[in-house]
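Chemist: This one is entry.cif, mmCIF, C-alpha atoms and all ligand atoms.
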```
data_query
loop_
_atom_site.label_atom_id
_atom_site.label_comp_id
_atom_site.auth_asym_id
_atom_site.auth_seq_id
_atom_site.Cartn_x
_atom_site.Cartn_y
_atom_site.Cartn_z
CA MET A 436 87.69 80.43 107.83
CA PHE A 437 87.73 83.90 106.25
CA LYS A 438 84.70 84.91 108.34
CA ASN A 439 81.83 83.78 106.11
CA MET A 440 83.50 80.83 104.38
CA THR A 441 83.39 77.22 105.48
CA ILE A 442 86.23 74.97 104.37
CA GLY A 443 83.78 73.52 101.81
CA ASN A 444 83.06 77.04 100.47
CA PHE A 445 86.79 77.71 100.25
CA VAL A 446 87.46 74.52 98.29
CA SER A 447 84.70 75.27 95.72
CA TRP A 448 85.84 78.89 95.47
CA TYR A 449 89.46 77.79 95.02
CA ILE A 450 88.69 75.17 92.32
CA GLU A 451 86.96 77.87 90.27
CA LEU A 452 89.81 80.31 90.93
CA GLY A 453 92.13 77.71 89.35
CA LYS A 454 90.84 78.77 85.93
CA LEU A 455 92.96 81.91 86.34
CA MET A 456 96.09 79.74 86.32
CA ILE A 457 98.03 81.94 88.71
CA PHE A 458 101.00 80.85 90.81
CA TRP A 459 98.83 79.66 93.69
CA ALA A 460 95.67 78.50 91.92
CA LYS A 461 95.80 76.25 88.88
CA ARG A 462 93.48 73.68 87.39
CA VAL A 463 92.62 71.29 90.24
CA LYS A 464 92.67 67.52 89.82
CA ASP A 465 92.19 66.80 93.50
CA ILE A 466 92.02 68.78 96.71
CA TRP A 467 91.65 67.71 100.34
CA LEU A 468 91.92 69.02 103.87
CA VAL A 469 95.05 67.54 105.47
CA ASP A 470 94.20 68.93 108.87
CA GLU A 471 93.18 71.93 110.93
CA ILE A 472 95.30 72.44 114.01
CA ASP A 473 95.21 75.49 116.21
CA GLY A 474 93.62 77.74 113.57
CA VAL A 475 95.99 76.64 110.79
CA PHE A 476 94.39 74.91 107.82
CA THR A 477 96.64 72.64 105.77
CA ILE A 478 95.25 71.76 102.35
CA GLY A 479 96.73 69.30 99.87
CA VAL A 480 96.15 69.91 96.18
CA ASP A 481 97.04 68.16 92.93
CA TRP A 482 97.23 70.64 90.07
CA LEU A 483 96.88 69.49 86.48
CA ILE A 484 99.43 71.36 84.40
CA ARG A 485 99.90 70.35 80.75
CA ARG A 486 98.51 66.87 81.56
CA ARG A 487 100.99 66.42 84.42
CA ILE A 488 100.18 66.43 88.11
CA ARG A 489 102.01 68.89 90.31
CA LYS A 490 101.60 68.49 94.04
CA ALA A 491 101.17 71.52 96.25
CA VAL A 492 100.36 72.27 99.85
CA ILE A 493 98.54 75.37 101.04
CA ALA A 494 98.84 76.51 104.66
CA ILE A 495 96.38 79.15 105.81
CA ALA A 496 96.69 81.10 109.05
CA GLU A 497 93.97 83.69 109.35
CA GLU A 498 95.42 85.27 112.50
CA ALA A 499 98.93 86.74 112.87
CA ASP A 500 99.66 84.72 116.01
CA LYS A 501 99.22 81.48 114.02
CA VAL A 502 101.71 82.31 111.29
CA GLU A 503 104.73 80.74 113.04
CA LYS A 504 102.75 77.53 113.38
CA ALA A 505 101.80 77.63 109.68
CA LEU A 506 105.48 78.13 108.77
CA THR A 507 106.52 75.14 110.88
CA ILE A 508 103.87 72.95 109.23
CA ILE A 509 104.64 74.03 105.68
CA HIS A 510 108.36 73.45 106.09
CA GLU A 511 107.60 69.75 106.48
CA TYR A 512 106.62 69.64 102.79
CA GLU A 513 109.93 70.53 101.15
CA ASP A 514 109.32 68.46 97.99
CA LEU A 515 106.01 70.13 97.14
CA THR A 516 105.06 73.59 95.90
CA ARG A 517 104.35 75.44 99.14
CA ILE A 518 101.74 78.20 99.32
CA LEU A 519 101.30 80.29 102.44
CA ILE A 520 98.22 82.45 103.03
CA ILE A 521 98.56 84.78 106.02
CA PRO A 522 97.37 88.22 107.16
CA GLU A 523 98.62 90.87 104.78
CA ASP A 524 100.24 92.99 107.46
CA TYR A 525 102.39 90.16 108.87
CA PRO A 526 106.04 91.14 108.30
CA LEU A 527 107.26 88.03 106.45
CA GLY A 528 110.83 88.33 105.12
CA LEU A 529 110.90 87.98 101.35
CA ASP A 530 114.22 86.08 101.11
CA THR A 531 112.50 82.66 101.06
CA VAL A 532 109.61 83.78 98.83
CA ASP A 533 109.54 83.56 95.04
CA ALA A 534 106.03 84.80 94.21
CA ARG A 535 103.57 87.01 96.01
CA GLY A 536 100.01 88.28 95.74
CA ILE A 537 96.95 89.33 97.70
CA LEU A 538 93.52 87.91 98.39
CA TYR A 539 90.85 90.30 99.63
CA LEU A 540 87.29 89.39 100.59
CA TRP A 541 84.33 91.64 101.27
CA ASP A 542 81.26 90.74 103.23
CA VAL A 543 78.54 91.59 100.65
CA ASN A 544 77.03 94.05 103.13
CA SER A 545 80.34 95.89 103.62
CA LYS A 546 80.38 99.65 103.62
CA ILE A 547 82.72 100.92 100.93
CA LEU A 548 83.68 104.44 99.75
CA LYS A 549 81.12 106.69 98.12
CA PRO A 550 80.93 105.64 94.45
CA ASN A 551 80.63 107.92 91.42
CA ILE A 552 76.89 107.98 90.71
CA ASP A 553 77.35 109.57 87.28
CA VAL A 554 78.67 106.25 85.99
CA ARG A 555 76.08 104.15 84.19
CA ILE A 556 76.63 100.42 84.40
CA GLU A 557 75.62 97.95 81.73
CA ILE A 558 75.43 94.36 82.98
CA LEU A 559 76.11 91.80 80.28
CA LYS A 560 75.47 88.06 80.44
CA SER A 561 76.46 87.65 76.80
CA TRP A 562 78.38 89.84 74.38
CA ASN A 563 79.25 90.01 70.70
CA ASN A 564 82.48 90.92 68.92
CA ARG A 565 81.67 94.61 69.04
CA TYR A 566 81.58 94.42 72.84
CA ILE A 567 84.79 92.37 72.88
CA LYS A 568 86.51 95.27 71.09
CA VAL A 569 85.20 97.68 73.73
CA PHE A 570 86.45 95.40 76.56
CA GLU A 571 89.82 95.15 74.85
CA GLY A 572 90.08 98.93 74.53
CA ILE A 573 89.47 99.38 78.28
CA HIS A 574 91.93 96.67 79.35
CA ARG A 575 94.61 98.09 77.07
CA LYS A 576 94.09 101.58 78.52
CA SER A 577 94.13 100.33 82.12
CA TRP A 578 96.76 97.60 82.49
CA GLY A 579 98.05 97.36 78.90
CA PHE A 580 96.95 93.90 77.76
CA PHE A 581 93.69 92.10 77.11
CA ILE A 582 92.07 89.02 78.62
CA PRO A 583 88.57 88.24 77.27
CA PRO A 584 85.70 87.17 79.56
CA ARG A 585 84.47 83.55 79.66
CA PRO A 586 80.81 83.23 78.58
CA ASP A 587 79.92 80.41 81.01
CA ASP A 588 81.50 82.03 84.05
CA HIS A 589 81.35 85.81 83.86
CA VAL A 590 78.85 88.58 84.15
CA VAL A 591 80.51 91.63 82.63
CA LEU A 592 80.11 95.05 84.25
CA LEU A 593 80.75 97.80 81.75
CA GLY A 594 80.89 101.35 83.13
CA TYR A 595 80.09 104.44 81.05
CA LEU A 596 80.79 108.07 81.80
CA ASN A 597 78.84 110.41 79.49
CA ASP A 598 78.17 107.46 77.17
CA GLU A 599 81.86 106.65 76.86
CA PRO A 600 82.84 103.14 78.04
CA VAL A 601 85.54 103.71 80.67
CA ALA A 602 85.47 100.82 83.16
CA LEU A 603 85.24 97.04 83.17
CA ALA A 604 85.02 94.10 85.57
CA TYR A 605 84.31 90.39 85.09
CA LEU A 606 82.34 88.99 88.00
CA ASN A 607 82.68 85.21 88.13
CA VAL A 608 79.22 84.02 89.16
CA ASN A 609 80.52 80.55 90.07
CA ASN A 610 82.69 81.79 92.94
CA PHE A 611 82.00 85.55 93.22
CA ASN A 612 85.56 86.50 92.47
CA ILE A 613 86.19 89.56 90.31
CA ASP A 614 88.43 87.74 87.84
CA TYR A 615 91.38 89.91 86.69
CA GLY A 616 90.20 92.75 88.96
CA ILE A 617 88.63 96.12 88.27
CA HIS A 618 89.76 98.27 85.34
CA VAL A 619 89.34 101.96 84.63
CA VAL A 620 90.76 103.80 81.62
CA ARG A 621 93.83 105.65 82.89
CA GLN A 622 92.68 109.19 82.11
CA TYR A 623 89.66 108.66 84.39
CA TRP A 624 91.44 107.33 87.46
CA ARG A 625 90.61 108.74 90.91
CA LYS A 626 87.02 109.68 90.12
CA ARG A 627 85.52 106.84 92.16
CA ILE A 628 84.66 104.93 88.97
CA GLY A 629 86.47 101.78 90.17
CA THR A 630 84.54 102.10 93.44
CA ARG A 631 81.30 102.30 91.45
CA LEU A 632 82.09 98.95 89.77
CA LEU A 633 82.99 97.41 93.11
CA SER A 634 79.68 98.56 94.64
CA GLU A 635 77.81 97.08 91.68
CA ALA A 636 79.70 93.76 91.95
CA LEU A 637 78.79 93.63 95.66
CA ARG A 638 75.14 94.32 94.82
CA ILE A 639 75.05 91.52 92.22
CA ALA A 640 76.81 89.05 94.54
CA ARG A 641 74.33 89.91 97.30
CA GLY A 642 71.40 89.52 94.90
CA LYS A 643 72.61 86.08 93.86
CA GLY A 644 72.78 84.95 97.47
CA SER A 645 76.54 85.04 98.02
CA LYS A 646 77.84 86.13 101.41
CA TYR A 647 81.16 87.38 100.05
CA LEU A 648 82.97 88.88 97.09
CA SER A 649 86.67 88.34 96.45
CA VAL A 650 89.50 89.71 94.40
CA VAL A 651 93.06 88.46 93.93
CA ARG A 652 96.12 90.07 92.45
CA VAL A 653 99.45 88.50 91.60
CA PHE A 654 102.26 90.99 92.19
CA ARG A 655 104.37 91.76 89.14
CA SER A 656 107.48 91.81 91.33
CA LEU A 657 108.20 90.59 94.85
CA LYS A 658 108.52 94.09 96.26
CA GLY A 659 105.47 95.27 94.29
CA THR A 660 105.42 97.52 91.23
CA ALA A 661 103.68 100.91 91.04
CA GLY A 662 100.72 99.07 89.44
CA ASP A 663 100.60 96.60 92.34
CA ARG A 664 100.63 99.45 94.86
CA ARG A 665 97.90 101.29 92.97
CA ALA A 666 95.64 98.22 92.85
CA VAL A 667 96.25 97.42 96.53
CA GLY A 668 95.71 101.09 97.48
CA PHE A 669 92.37 101.06 95.70
CA TYR A 670 91.09 97.78 97.11
CA ARG A 671 92.29 98.55 100.63
CA ALA A 672 90.67 102.00 100.57
CA ASN A 673 87.41 100.15 99.99
CA ASN A 674 87.69 98.39 103.27
CA PRO A 675 87.81 94.62 102.58
CA SER A 676 86.65 92.44 105.48
CA VAL A 677 89.60 90.05 105.03
CA LYS A 678 93.05 91.07 103.77
CA MET A 679 95.44 88.19 103.15
CA ALA A 680 98.86 87.95 101.54
CA VAL A 681 99.66 84.87 99.45
CA TYR A 682 103.24 83.65 99.08
CA ARG A 683 104.96 80.81 97.28
CA LEU A 684 107.98 79.67 99.24
CA GLU A 685 111.19 78.81 97.41
C1 LIG A 701 92.88 100.22 90.46
C2 LIG A 701 91.90 101.08 89.66
C3 LIG A 701 90.78 100.19 89.15
C4 LIG A 701 91.31 102.14 90.58
O1 LIG A 701 90.24 102.81 89.91
P1 LIG A 701 89.83 104.29 90.25
O2 LIG A 701 88.53 104.58 89.56
O3 LIG A 701 90.96 105.22 89.97
O4 LIG A 701 89.62 104.21 91.82
P2 LIG A 701 88.68 105.17 92.73
O5 LIG A 701 88.69 106.55 92.21
O6 LIG A 701 87.35 104.51 92.91
O7 LIG A 701 89.51 105.09 94.10
C5 LIG A 701 88.91 104.93 95.36
C6 LIG A 701 89.97 105.11 96.41
O8 LIG A 701 90.99 104.12 96.24
C7 LIG A 701 92.27 104.68 96.60
N1 LIG A 701 93.12 104.71 95.42
C8 LIG A 701 92.78 104.69 94.12
N2 LIG A 701 93.87 104.77 93.32
C9 LIG A 701 94.93 104.82 94.15
C10 LIG A 701 96.33 104.93 93.95
N3 LIG A 701 96.84 105.04 92.72
N4 LIG A 701 97.14 104.97 95.02
C11 LIG A 701 96.63 104.90 96.29
N5 LIG A 701 95.29 104.82 96.55
C12 LIG A 701 94.46 104.79 95.50
C13 LIG A 701 91.99 106.11 97.07
O9 LIG A 701 91.78 106.08 98.46
C14 LIG A 701 90.71 106.43 96.34
O10 LIG A 701 89.92 107.41 96.97
P3 LIG A 701 90.34 108.99 96.81
O11 LIG A 701 90.61 109.23 95.35
O12 LIG A 701 89.18 109.73 97.34
O13 LIG A 701 91.60 109.17 97.62
C15 LIG A 701 92.62 101.79 88.48
O14 LIG A 701 93.78 102.44 88.99
C16 LIG A 701 93.05 100.86 87.37
O15 LIG A 701 92.28 100.59 86.42
N6 LIG A 701 94.32 100.37 87.42
C17 LIG A 701 94.88 99.52 86.35
C18 LIG A 701 94.21 98.18 86.27
C19 LIG A 701 94.49 97.31 87.47
O16 LIG A 701 95.63 97.04 87.81
N7 LIG A 701 93.41 96.85 88.12
C20 LIG A 701 93.52 95.95 89.25
C21 LIG A 701 93.67 94.55 88.75
S1 LIG A 701 93.87 93.40 90.11
#
```
So, in terms of C-alpha cells, how does the structure I just supplied come out?
Ligand SMILES: CC(C)(COP(=O)(O)OP(=O)(O)OC[C@H]1O[C@@H](n2cnc3c(N)ncnc32)[C@H](O)[C@@H]1OP(=O)(O)O)[C@@H](O)C(=O)NCCC(=O)NCCS
Modeler:
Amino acid sequence: MFKNMTIGNFVSWYIELGKLMIFWAKRVKDIWLVDEIDGVFTIGVDWLIRRRIRKAVIAIAEEADKVEKALTIIHEYEDLTRILIIPEDYPLGLDTVDARGILYLWDVNSKILKPNIDVRIEILKSWNNRYIKVFEGIHRKSWGFFIPPRPDDHVVLLGYLNDEPVALAYLNVNNFNIDYGIHVVRQYWRKRIGTRLLSEALRIARGKGSKYLSVVRVFRSLKGTAGDRRAVGFYRANNPSVKMAVYRLE
C-alpha cells in the first residue's frame, strides 16, 4: 500500500502516529488487518483513551475506483468509530463526515521545488530550555500555539535566515512523519523556507534508510480554513507521491 509501504510498515508507522492523538490516530492498544479485498484494506484498531478502549475501523482505498467498495465495507461497522482513507481528489460528500484531514507521503528521492539555499539549518537531537523558547517563538508566529518536541522521538530542524531563527520542523525518527508539520514565521512566508525544511527532512529520512517521509494535517473545519488551504497548498506544491484524504464518518 502507499507505494513503498507494506501493511507491516503502515501498522508500525500508524502506532507511532498515535502519539499525536488526532481524530484518526490515538494511542494503540491493539491493531490487526481484518482483510484486504480488491485493493481495500480493512484494519481493526483498539485505541486506549483515558484508560478506556475505543474500537475503530479504518478502511483504506488507495485508488479512486475502490472507494465505493471501501464505503460499502465500512458501513458494516456502524457501532465503531469509522475512518476512511481515500485519494484526496475523490469527491466525497461531506454530509456524513464529522472530521477531516490529509495524509501525504513522499518517496525520499522525490523531486520537490527549489529550496531557499540562504537558509541555514541546525539539526538538534537534544535541546535545552533556551532552545525551547526559540521553538515556542516560531510556533506562536506561524500557527499561534506551541507544542514542544519529544526528546525520544524527534530530531528538530531549526532554520535560520541571516542568523534569525525563522523555521521549525520536528522529524519523528521512529516513523519518519513530520509531527505537527512545517512552520515558518509569518513575515517570511513564500520565500521557499518551508521547502528548505522539507528538503532537509527528506535528506535525513533518506540518510536513515527510510523509503518515505509523511505529513498529516487535521483540518480545523470540515470545509477547510484559510490555514488548512495554505498548508495543503504548500505540501501539494512540493509534489507528494501519495495524496490521501482522511475522514471520520458520523
Ligand atoms: C505552510 C508553510 C510552512 C509554508 O511555508 P513557506 O516557507 O511560506 O512555503 P514556501 O515558500 O516554501 O512555498 C513553496 C510553494 O508552496 C506553495 N504555497 C506556499 N504557501 C502557499 C499558500 N499560502 N497558498 C497556496 N500555495 C502556497 C507555493 O506554490 C509555493 O511556491 P511559490 O511561492 O513559488 O508559489 C507556512 O505557510 C506556515 O508556517 N504556515 C503556518 C503553520 C502551518 O500551518 N504549518 C503546517 C502544519 S500541518
Chemist: What's the 12 Å shell around Ile558 of chain A, counting all atoms listed in the file, without same-chain residues fewer than 3 positions away, as number ranges by chain?
Modeler: A: 555, 561-562, 566, 589-595, 602-606, 632, 635-636, 638-639
Chemist: Would you list the residues near (104.3, 72.3, 107.3) (no more than 12 Å away, in the coordinates of the file, using only C-alpha atoms) as a compact mmCIF listing (two decimals) with C-alpha atoms, keeping the file's coordinate frame?
Modeler:
```
# COMPACT_ATOMS: atom_id res chain seq x y z
CA VAL A 469 95.05 67.54 105.47
CA ASP A 470 94.20 68.93 108.87
CA GLU A 471 93.18 71.93 110.93
CA ILE A 472 95.30 72.44 114.01
CA VAL A 475 95.99 76.64 110.79
CA PHE A 476 94.39 74.91 107.82
CA THR A 477 96.64 72.64 105.77
CA ILE A 478 95.25 71.76 102.35
CA GLY A 479 96.73 69.30 99.87
CA ALA A 491 101.17 71.52 96.25
CA VAL A 492 100.36 72.27 99.85
CA ILE A 493 98.54 75.37 101.04
CA ALA A 494 98.84 76.51 104.66
CA ILE A 495 96.38 79.15 105.81
CA ALA A 496 96.69 81.10 109.05
CA VAL A 502 101.71 82.31 111.29
CA GLU A 503 104.73 80.74 113.04
CA LYS A 504 102.75 77.53 113.38
CA ALA A 505 101.80 77.63 109.68
CA LEU A 506 105.48 78.13 108.77
CA THR A 507 106.52 75.14 110.88
CA ILE A 508 103.87 72.95 109.23
CA ILE A 509 104.64 74.03 105.68
CA HIS A 510 108.36 73.45 106.09
CA GLU A 511 107.60 69.75 106.48
CA TYR A 512 106.62 69.64 102.79
CA GLU A 513 109.93 70.53 101.15
CA ASP A 514 109.32 68.46 97.99
CA LEU A 515 106.01 70.13 97.14
CA THR A 516 105.06 73.59 95.90
CA ARG A 517 104.35 75.44 99.14
CA ILE A 518 101.74 78.20 99.32
CA LEU A 519 101.30 80.29 102.44
CA LEU A 684 107.98 79.67 99.24
```
Chemist: Closest to ligand LIG 701 (chain A) among A:Leu559, A:Leu657, A:Val677, A:Ile628, using only C-alpha atoms and all ligand atoms?
Modeler: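 Result for the nearest residue to ligand LIG 701 (chain A): A:Ile628.
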Chemist: May I ask for the distance between atom CA of His574 of chain A and atom CA of Ala672 of chain A, given in Å to one decimal place?
Modeler: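 Distance reported for this atom pair: 21.9 Å.
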Chemist: Within 7 Å of ligand LIG 701 (chain A), which residues show up when you count only C-alpha atoms and all ligand atoms? List them as a compact mmCIF listing (two decimals) with C-alpha atoms, in the coordinates of the input, please.
Modeler:
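New file selection_19.txt:
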```
# COMPACT_ATOMS: atom_id res chain seq x y z
CA LEU A 548 83.68 104.44 99.75
CA PRO A 550 80.93 105.64 94.45
CA SER A 577 94.13 100.33 82.12
CA TRP A 578 96.76 97.60 82.49
CA TYR A 615 91.38 89.91 86.69
CA GLY A 616 90.20 92.75 88.96
CA ILE A 617 88.63 96.12 88.27
CA HIS A 618 89.76 98.27 85.34
CA VAL A 619 89.34 101.96 84.63
CA VAL A 620 90.76 103.80 81.62
CA ARG A 621 93.83 105.65 82.89
CA TYR A 623 89.66 108.66 84.39
CA TRP A 624 91.44 107.33 87.46
CA ARG A 625 90.61 108.74 90.91
CA LYS A 626 87.02 109.68 90.12
CA ARG A 627 85.52 106.84 92.16
CA ILE A 628 84.66 104.93 88.97
CA GLY A 629 86.47 101.78 90.17
CA THR A 630 84.54 102.10 93.44
CA ARG A 631 81.30 102.30 91.45
CA VAL A 651 93.06 88.46 93.93
CA ARG A 652 96.12 90.07 92.45
CA GLY A 662 100.72 99.07 89.44
CA ASP A 663 100.60 96.60 92.34
CA ARG A 664 100.63 99.45 94.86
CA ARG A 665 97.90 101.29 92.97
CA ALA A 666 95.64 98.22 92.85
CA GLY A 668 95.71 101.09 97.48
CA PHE A 669 92.37 101.06 95.70
CA TYR A 670 91.09 97.78 97.11
CA ALA A 672 90.67 102.00 100.57
CA ASN A 673 87.41 100.15 99.99
```
Chemist: Mind giving me the straight-line distance from atom CA of Asp533 of chain A to atom CA of Ala460 of chain A in Å, one decimal?
Modeler: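 For atom CA of Asp533 of chain A relative to atom CA of Ala460 of chain A, the distance reads 15.1 Å.
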Chemist: For a cutoff of 12 Å around the file-coordinate point (96.1, 75.5, 86.8), which residues qualify once you count all atoms listed in the file? I'd like the result as a VMD selection string.
Modeler: chain A and resid 449 to 465 480 to 491
Chemist: Determine, counting only C-alpha atoms, which protein, DNA and RNA residues have an atom within 9 Å of an atom of Trp541 of chain A; residues of the same chain fewer than 2 positions away are not included. Present the result as a compact mmCIF listing (two decimals) with C-alpha atoms, keeping the file's coordinate frame.
Modeler:
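And here is the file that came out, around17.txt:
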```txt
# COMPACT_ATOMS: atom_id res chain seq x y z
CA TYR A 539 90.85 90.30 99.63
CA VAL A 543 78.54 91.59 100.65
CA ASN A 544 77.03 94.05 103.13
CA SER A 545 80.34 95.89 103.62
CA LEU A 637 78.79 93.63 95.66
CA LYS A 646 77.84 86.13 101.41
CA TYR A 647 81.16 87.38 100.05
CA LEU A 648 82.97 88.88 97.09
CA SER A 649 86.67 88.34 96.45
CA VAL A 650 89.50 89.71 94.40
CA ASN A 674 87.69 98.39 103.27
CA PRO A 675 87.81 94.62 102.58
CA SER A 676 86.65 92.44 105.48
CA VAL A 677 89.60 90.05 105.03
```
Chemist: Would you mind telling me which residue in A:Ile520, A:Leu538, A:Met440, A:Met679 lies nearest to Ser645 of chain A when using only C-alpha atoms?
Modeler: A:Met440
Chemist: Rounded to one decimal place, report the atom CA of Ser634 of chain A-atom CA of Lys549 of chain A distance in Å.
Modeler: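 Spanning atom CA of Ser634 of chain A to atom CA of Lys549 of chain A is a straight-line distance of 9.0 Å.
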Chemist: Tell me which of A:Glu685, A:Asp598, A:Glu571, A:Asp614 sits closest to Val554 of chain A, counting only C-alpha atoms.
Modeler: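 Among A:Glu685, A:Asp598, A:Glu571, A:Asp614, it is A:Asp598 that comes nearest to Val554 of chain A.
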Chemist: Name the closest residue to Asn597 of chain A among the candidates A:Asp553, A:Asn439, A:Pro583, A:Gly528; distances are taken between atoms, counting all atoms listed in the file.
Modeler: A:Asp553
